[in-house]
Amino acid sequence: QRAVVGAPSRAAVVKSMPTARMSCAKTSPSWSLATCPMKPVLPPSAAIPATVFAADPPLAPGEAVTVDVAIVGGGFSGSLAAINVLRHDGPRATLIDQQADAGVGLAYGAAHPSHLLNVRASNMSAFPDDPGHFVRWLASRGHAAAGQSFVPRLVYGTYLRELLDRVAADFPGRLRIVRGEAVDVTEHRGVRVLLADGASVEADAAVLAVGNLPPHTPVELVAESLGPGCYVGDCW
């Protein structure tokens, strides 16, 4: 296992875009403010700001950027890896993701507004050393006593994006976001992450946070023999 040691470098670019509205729709007749304190439709005055990240300028084909740790995947796991590496005085980080909106991944970025977390808000803090962080974040946006509620997934995605934005501002020059598809990782005075366009990112270590692999169709199931809409191989 390779040790990672790093020092700050020049500032990276992480930009904020205008805010957007989020909503929490009823998912069943039993839905109520008691079970989901988020308002069914948030008025403009209570809108939770959504921060959209613009990736750094794309790397030129063949260009290499040397950093300390390269994180492949900008969803929940990859973003929290970058956030915690920086907040605990770790090395510089480059976050590599195909999506323009780093920080959410499929689970919290591709959800429908009616999709809720399957864990109560009180257990969804991004920081194990600060278990009340997410609940305080909700309260600061006008949603008090939300600890026992099941918050919309899109709202949690907003929370993650804001954390990534904040850590980039608090530790300037130590986080770089690269939009691209990682296709290989090789050893090269550490590691080299090769991107689909021929660019590469060099680092002392790499974190593979690529999420769940696409599901496989059960061996004995012939999906084509089923009626339309009877089988969905990948819900995303």
# chains A, B, ... in the order shown; residues from 1 in each chain; ligands from 1
call {"tool": "residues_around", "arguments": {"residues": "region 73-75 of chain A", "least_positions_apart": "2", "cutoff": "6 Å", "atoms": "only C-alpha atoms", "output": "number ranges by chain"}}
result
A: 77-79, 96-97, 102-105, 209-210
call {"tool": "atom_distance", "arguments": {"atom1": "CA of Asp184 (chain A)", "atom2": "CA of Leu80 (chain A)"}}
result
22.2 Å
call {"tool": "residues_around", "arguments": {"residues": "Arg189 (chain A)", "least_positions_apart": "3", "cutoff": "10 Å", "atoms": "only C-alpha atoms", "output": "list in words"}}
result
Thr186, Arg192, Glu202, Ala203, Asp204 and Ala205 of chain A
call {"tool": "residues_around", "arguments": {"residues": "Gln99 (chain A)", "least_positions_apart": "4", "cutoff": "12 Å", "atoms": "only C-alpha atoms", "output": "number ranges by chain"}}
result
A: 52-55, 72-75, 95, 103-106, 109-110, 177-182
call {"tool": "write_last_selection", "arguments": {"atoms": "N, CA and C atoms", "output": "tab-separated table (two decimals), in the first residue's frame"}}
result
chain	number	residue	atom	x	y	z
A	52	VAL	N	-24.20	23.91	-8.66
A	52	VAL	CA	-23.76	23.11	-9.79
A	52	VAL	C	-22.29	23.42	-10.05
A	53	PHE	N	-21.49	22.38	-10.16
A	53	PHE	CA	-20.06	22.57	-10.31
A	53	PHE	C	-19.66	22.54	-11.78
A	54	ALA	N	-18.91	23.52	-12.18
A	54	ALA	CA	-18.33	23.51	-13.51
A	54	ALA	C	-16.93	22.89	-13.41
A	55	ALA	N	-16.68	21.90	-14.25
A	55	ALA	CA	-15.37	21.26	-14.20
A	55	ALA	C	-14.29	22.23	-14.65
A	72	VAL	N	-11.20	8.47	-8.75
A	72	VAL	CA	-11.98	8.16	-9.94
A	72	VAL	C	-13.43	7.92	-9.52
A	73	GLY	N	-14.30	8.83	-9.91
A	73	GLY	CA	-15.70	8.74	-9.54
A	73	GLY	C	-16.10	9.90	-8.65
A	74	GLY	N	-17.05	10.72	-9.11
A	74	GLY	CA	-17.44	11.91	-8.37
A	74	GLY	C	-18.80	11.81	-7.75
A	75	GLY	N	-19.24	10.59	-7.43
A	75	GLY	CA	-20.51	10.41	-6.74
A	75	GLY	C	-20.33	10.56	-5.24
A	95	LEU	N	-10.45	15.04	-8.52
A	95	LEU	CA	-11.68	14.27	-8.61
A	95	LEU	C	-12.05	14.14	-10.08
A	103	GLY	N	-20.35	15.37	-7.40
A	103	GLY	CA	-20.81	15.46	-6.02
A	103	GLY	C	-22.05	14.67	-5.70
A	104	VAL	N	-22.78	14.17	-6.71
A	104	VAL	CA	-24.05	13.52	-6.41
A	104	VAL	C	-24.14	12.08	-6.89
A	105	GLY	N	-23.61	11.79	-8.07
A	105	GLY	CA	-23.73	10.45	-8.61
A	105	GLY	C	-25.16	10.12	-9.00
A	106	LEU	N	-25.40	8.86	-9.36
A	106	LEU	CA	-26.73	8.45	-9.79
A	106	LEU	C	-27.75	8.52	-8.66
A	109	GLY	N	-28.44	12.29	-7.85
A	109	GLY	CA	-28.52	13.26	-8.94
A	109	GLY	C	-29.53	12.89	-10.00
A	110	ALA	N	-29.78	11.58	-10.17
A	110	ALA	CA	-30.71	11.13	-11.20
A	110	ALA	C	-32.06	10.74	-10.63
A	177	ILE	N	-11.17	19.42	-10.13
A	177	ILE	CA	-12.21	18.57	-10.68
A	177	ILE	C	-12.00	18.45	-12.19
A	178	VAL	N	-11.85	17.22	-12.66
A	178	VAL	CA	-11.62	16.95	-14.07
A	178	VAL	C	-12.79	16.16	-14.62
A	179	ARG	N	-13.39	16.66	-15.66
A	179	ARG	CA	-14.48	15.94	-16.31
A	179	ARG	C	-13.90	15.04	-17.39
A	180	GLY	N	-14.10	13.76	-17.26
A	180	GLY	CA	-13.57	12.82	-18.23
A	180	GLY	C	-13.85	11.39	-17.81
A	181	GLU	N	-13.64	10.47	-18.72
A	181	GLU	CA	-13.87	9.05	-18.46
A	181	GLU	C	-12.54	8.35	-18.22
A	182	ALA	N	-12.33	7.82	-17.04
A	182	ALA	CA	-11.12	7.06	-16.74
A	182	ALA	C	-11.24	5.67	-17.34
call {"tool": "atom_distance", "arguments": {"atom1": "CA of Gly132 (chain A)", "atom2": "CA of Tyr159 (chain A)"}}
result
13.3 Å
call {"tool": "select_by_dssp", "arguments": {"residues": "region 40-217 of chain A", "states": "strand (DSSP E)", "output": "number ranges by chain"}}
result
A: 64-66, 69-72, 93-97, 175-179, 182-187, 191-195, 200-203, 205-208
call {"tool": "write_last_selection", "arguments": {"atoms": "N, CA, C and O atoms", "output": "tab-separated table (two decimals), in the first residue's frame"}}
result
chain	number	residue	atom	x	y	z
A	64	ALA	N	-0.66	15.78	-19.01
A	64	ALA	CA	-0.65	15.09	-17.71
A	64	ALA	C	-0.62	16.12	-16.59
A	64	ALA	O	0.09	17.12	-16.67
A	65	VAL	N	-1.42	15.89	-15.57
A	65	VAL	CA	-1.46	16.75	-14.39
A	65	VAL	C	-1.02	15.92	-13.20
A	65	VAL	O	-1.59	14.87	-12.93
A	66	THR	N	0.00	16.37	-12.49
A	66	THR	CA	0.50	15.61	-11.35
A	66	THR	C	-0.12	16.13	-10.06
A	66	THR	O	-0.06	17.32	-9.77
A	69	VAL	N	-3.35	12.57	-4.89
A	69	VAL	CA	-4.28	11.44	-4.93
A	69	VAL	C	-5.32	11.71	-6.01
A	69	VAL	O	-5.86	12.81	-6.10
A	70	ALA	N	-5.53	10.72	-6.86
A	70	ALA	CA	-6.53	10.82	-7.92
A	70	ALA	C	-7.73	9.98	-7.51
A	70	ALA	O	-7.58	8.80	-7.19
A	71	ILE	N	-8.91	10.58	-7.51
A	71	ILE	CA	-10.13	9.89	-7.12
A	71	ILE	C	-11.00	9.72	-8.36
A	71	ILE	O	-11.45	10.69	-8.95
A	72	VAL	N	-11.20	8.47	-8.75
A	72	VAL	CA	-11.98	8.16	-9.94
A	72	VAL	C	-13.43	7.92	-9.52
A	72	VAL	O	-13.73	6.95	-8.84
A	93	ALA	N	-6.01	16.67	-4.05
A	93	ALA	CA	-6.85	15.67	-4.70
A	93	ALA	C	-7.34	16.15	-6.05
A	93	ALA	O	-7.63	17.33	-6.24
A	94	THR	N	-7.42	15.20	-6.98
A	94	THR	CA	-8.08	15.43	-8.25
A	94	THR	C	-9.26	14.49	-8.34
A	94	THR	O	-9.12	13.27	-8.20
A	95	LEU	N	-10.45	15.04	-8.52
A	95	LEU	CA	-11.68	14.27	-8.61
A	95	LEU	C	-12.05	14.14	-10.08
A	95	LEU	O	-12.26	15.13	-10.77
A	96	ILE	N	-12.11	12.90	-10.56
A	96	ILE	CA	-12.35	12.63	-11.98
A	96	ILE	C	-13.73	12.02	-12.14
A	96	ILE	O	-14.04	10.99	-11.52
A	97	ASP	N	-14.58	12.63	-12.99
A	97	ASP	CA	-15.93	12.11	-13.18
A	97	ASP	C	-16.43	12.46	-14.56
A	97	ASP	O	-16.07	13.51	-15.12
A	175	LEU	N	-7.94	21.09	-4.47
A	175	LEU	CA	-8.92	20.24	-5.12
A	175	LEU	C	-9.07	20.65	-6.58
A	175	LEU	O	-9.29	21.81	-6.89
A	176	ARG	N	-8.94	19.67	-7.45
A	176	ARG	CA	-9.14	19.89	-8.88
A	176	ARG	C	-10.20	18.92	-9.36
A	176	ARG	O	-10.16	17.73	-9.03
A	177	ILE	N	-11.17	19.42	-10.13
A	177	ILE	CA	-12.21	18.57	-10.68
A	177	ILE	C	-12.00	18.45	-12.19
A	177	ILE	O	-11.94	19.46	-12.89
A	178	VAL	N	-11.85	17.22	-12.66
A	178	VAL	CA	-11.62	16.95	-14.07
A	178	VAL	C	-12.79	16.16	-14.62
A	178	VAL	O	-13.14	15.10	-14.07
A	179	ARG	N	-13.39	16.66	-15.66
A	179	ARG	CA	-14.48	15.94	-16.31
A	179	ARG	C	-13.90	15.04	-17.39
A	179	ARG	O	-13.26	15.52	-18.34
A	182	ALA	N	-12.33	7.82	-17.04
A	182	ALA	CA	-11.12	7.06	-16.74
A	182	ALA	C	-11.24	5.67	-17.34
A	182	ALA	O	-12.24	4.98	-17.12
A	183	VAL	N	-10.23	5.26	-18.10
A	183	VAL	CA	-10.29	3.96	-18.77
A	183	VAL	C	-9.21	3.00	-18.29
A	183	VAL	O	-9.29	1.80	-18.54
A	184	ASP	N	-8.20	3.51	-17.57
A	184	ASP	CA	-7.15	2.62	-17.10
A	184	ASP	C	-6.36	3.30	-16.00
A	184	ASP	O	-6.27	4.53	-15.95
A	185	VAL	N	-5.78	2.49	-15.12
A	185	VAL	CA	-4.88	2.98	-14.08
A	185	VAL	C	-3.63	2.11	-14.11
A	185	VAL	O	-3.72	0.89	-14.03
A	186	THR	N	-2.48	2.75	-14.27
A	186	THR	CA	-1.23	2.01	-14.34
A	186	THR	C	-0.23	2.59	-13.34
A	186	THR	O	-0.40	3.72	-12.86
A	187	GLU	N	0.79	1.82	-13.04
A	187	GLU	CA	1.86	2.31	-12.18
A	187	GLU	C	2.84	3.14	-13.00
A	187	GLU	O	3.29	2.70	-14.06
A	191	VAL	N	0.97	6.38	-9.64
A	191	VAL	CA	-0.07	5.86	-10.51
A	191	VAL	C	-0.37	6.88	-11.59
A	191	VAL	O	-0.17	8.08	-11.42
A	192	ARG	N	-0.85	6.38	-12.72
A	192	ARG	CA	-1.31	7.25	-13.80
A	192	ARG	C	-2.70	6.80	-14.19
A	192	ARG	O	-2.92	5.64	-14.52
A	193	VAL	N	-3.65	7.75	-14.16
A	193	VAL	CA	-5.03	7.48	-14.58
A	193	VAL	C	-5.17	7.98	-16.01
A	193	VAL	O	-5.03	9.18	-16.28
A	194	LEU	N	-5.43	7.06	-16.92
A	194	LEU	CA	-5.58	7.41	-18.33
A	194	LEU	C	-7.04	7.70	-18.63
A	194	LEU	O	-7.93	6.94	-18.25
A	195	LEU	N	-7.29	8.82	-19.31
A	195	LEU	CA	-8.65	9.21	-19.68
A	195	LEU	C	-8.93	8.81	-21.13
A	195	LEU	O	-8.02	8.58	-21.92
A	200	SER	N	-4.09	12.35	-19.15
A	200	SER	CA	-3.83	11.50	-17.99
A	200	SER	C	-3.63	12.35	-16.75
A	200	SER	O	-3.31	13.53	-16.83
A	201	VAL	N	-3.83	11.72	-15.61
A	201	VAL	CA	-3.62	12.36	-14.32
A	201	VAL	C	-2.66	11.49	-13.53
A	201	VAL	O	-2.90	10.29	-13.36
A	202	GLU	N	-1.56	12.07	-13.08
A	202	GLU	CA	-0.57	11.33	-12.31
A	202	GLU	C	-0.71	11.67	-10.83
A	202	GLU	O	-1.01	12.81	-10.47
A	203	ALA	N	-0.52	10.68	-9.99
A	203	ALA	CA	-0.70	10.87	-8.55
A	203	ALA	C	0.15	9.87	-7.79
A	203	ALA	O	0.71	8.93	-8.37
A	205	ALA	N	-1.26	8.07	-5.41
A	205	ALA	CA	-2.19	6.98	-5.16
A	205	ALA	C	-3.49	7.27	-5.87
A	205	ALA	O	-3.76	8.41	-6.25
A	206	ALA	N	-4.29	6.23	-6.08
A	206	ALA	CA	-5.59	6.38	-6.73
A	206	ALA	C	-6.67	5.74	-5.86
A	206	ALA	O	-6.44	4.71	-5.23
A	207	VAL	N	-7.83	6.38	-5.84
A	207	VAL	CA	-9.02	5.83	-5.18
A	207	VAL	C	-10.04	5.52	-6.27
A	207	VAL	O	-10.39	6.40	-7.06
A	208	LEU	N	-10.49	4.27	-6.33
A	208	LEU	CA	-11.51	3.89	-7.31
A	208	LEU	C	-12.87	3.91	-6.61
A	208	LEU	O	-13.18	3.03	-5.82
call {"tool": "residues_around", "arguments": {"residues": "region 124-126 of chain A", "least_positions_apart": "4", "cutoff": "10 Å", "atoms": "only C-alpha atoms", "output": "list in words"}}
result
Phe76, Leu80, Ile83, Asn84, Leu117, Asn118, Val119, Arg120, Asp130, Pro131, Gly132, His133, Phe134, Val135, Arg136, Trp137, Gly147, Phe150, Val151, Tyr156, Tyr159, Leu160 and Leu163 of chain A
call {"tool": "write_last_selection", "arguments": {"atoms": "C-alpha atoms", "output": "CSV table (one decimal), in the first residue's frame"}}
result
chain,number,residue,atom,x,y,z
A,76,PHE,CA,-21.2,10.0,-3.0
A,80,LEU,CA,-16.7,12.3,0.4
A,83,ILE,CA,-13.9,16.2,1.2
A,84,ASN,CA,-12.5,14.2,4.1
A,117,LEU,CA,-33.7,8.5,1.3
A,118,ASN,CA,-34.2,5.1,2.9
A,119,VAL,CA,-32.4,6.3,6.1
A,120,ARG,CA,-33.7,9.0,8.4
A,130,ASP,CA,-20.3,15.2,13.5
A,131,PRO,CA,-23.5,13.1,13.3
A,132,GLY,CA,-25.8,16.1,13.5
A,133,HIS,CA,-24.3,17.9,10.6
A,134,PHE,CA,-27.0,17.1,8.0
A,135,VAL,CA,-29.9,17.9,10.4
A,136,ARG,CA,-28.3,21.3,11.2
A,137,TRP,CA,-27.9,21.9,7.5
A,147,GLY,CA,-34.1,14.4,12.1
A,150,PHE,CA,-36.9,10.7,5.1
A,151,VAL,CA,-35.6,13.5,3.0
A,156,TYR,CA,-29.3,15.2,-0.1
A,159,TYR,CA,-26.1,18.9,0.6
A,160,LEU,CA,-23.3,16.9,-0.9
A,163,LEU,CA,-20.0,20.4,1.0
call {"tool": "residues_around", "arguments": {"residues": "Val232 (chain A)", "least_positions_apart": "6", "cutoff": "12 Å", "atoms": "only C-alpha atoms", "output": "MDAnalysis selection string"}}
result
chainID A and resid 215:218 221 223:224 226
call {"tool": "closest_residue", "arguments": {"among": "A:Cys230, A:Val219, A:Pro152, A:Gly173", "to": "Ala111 (chain A)", "atoms": "only C-alpha atoms"}}
result
A:Pro152
call {"tool": "atom_distance", "arguments": {"atom1": "CA of Ser122 (chain A)", "atom2": "CA of Ser149 (chain A)"}}
result
8.1 Å
call {"tool": "closest_residue", "arguments": {"among": "A:Asp197, A:Ala107, A:Val155, A:Ser114", "to": "Asn212 (chain A)", "atoms": "only C-alpha atoms"}}
result
A:Ala107
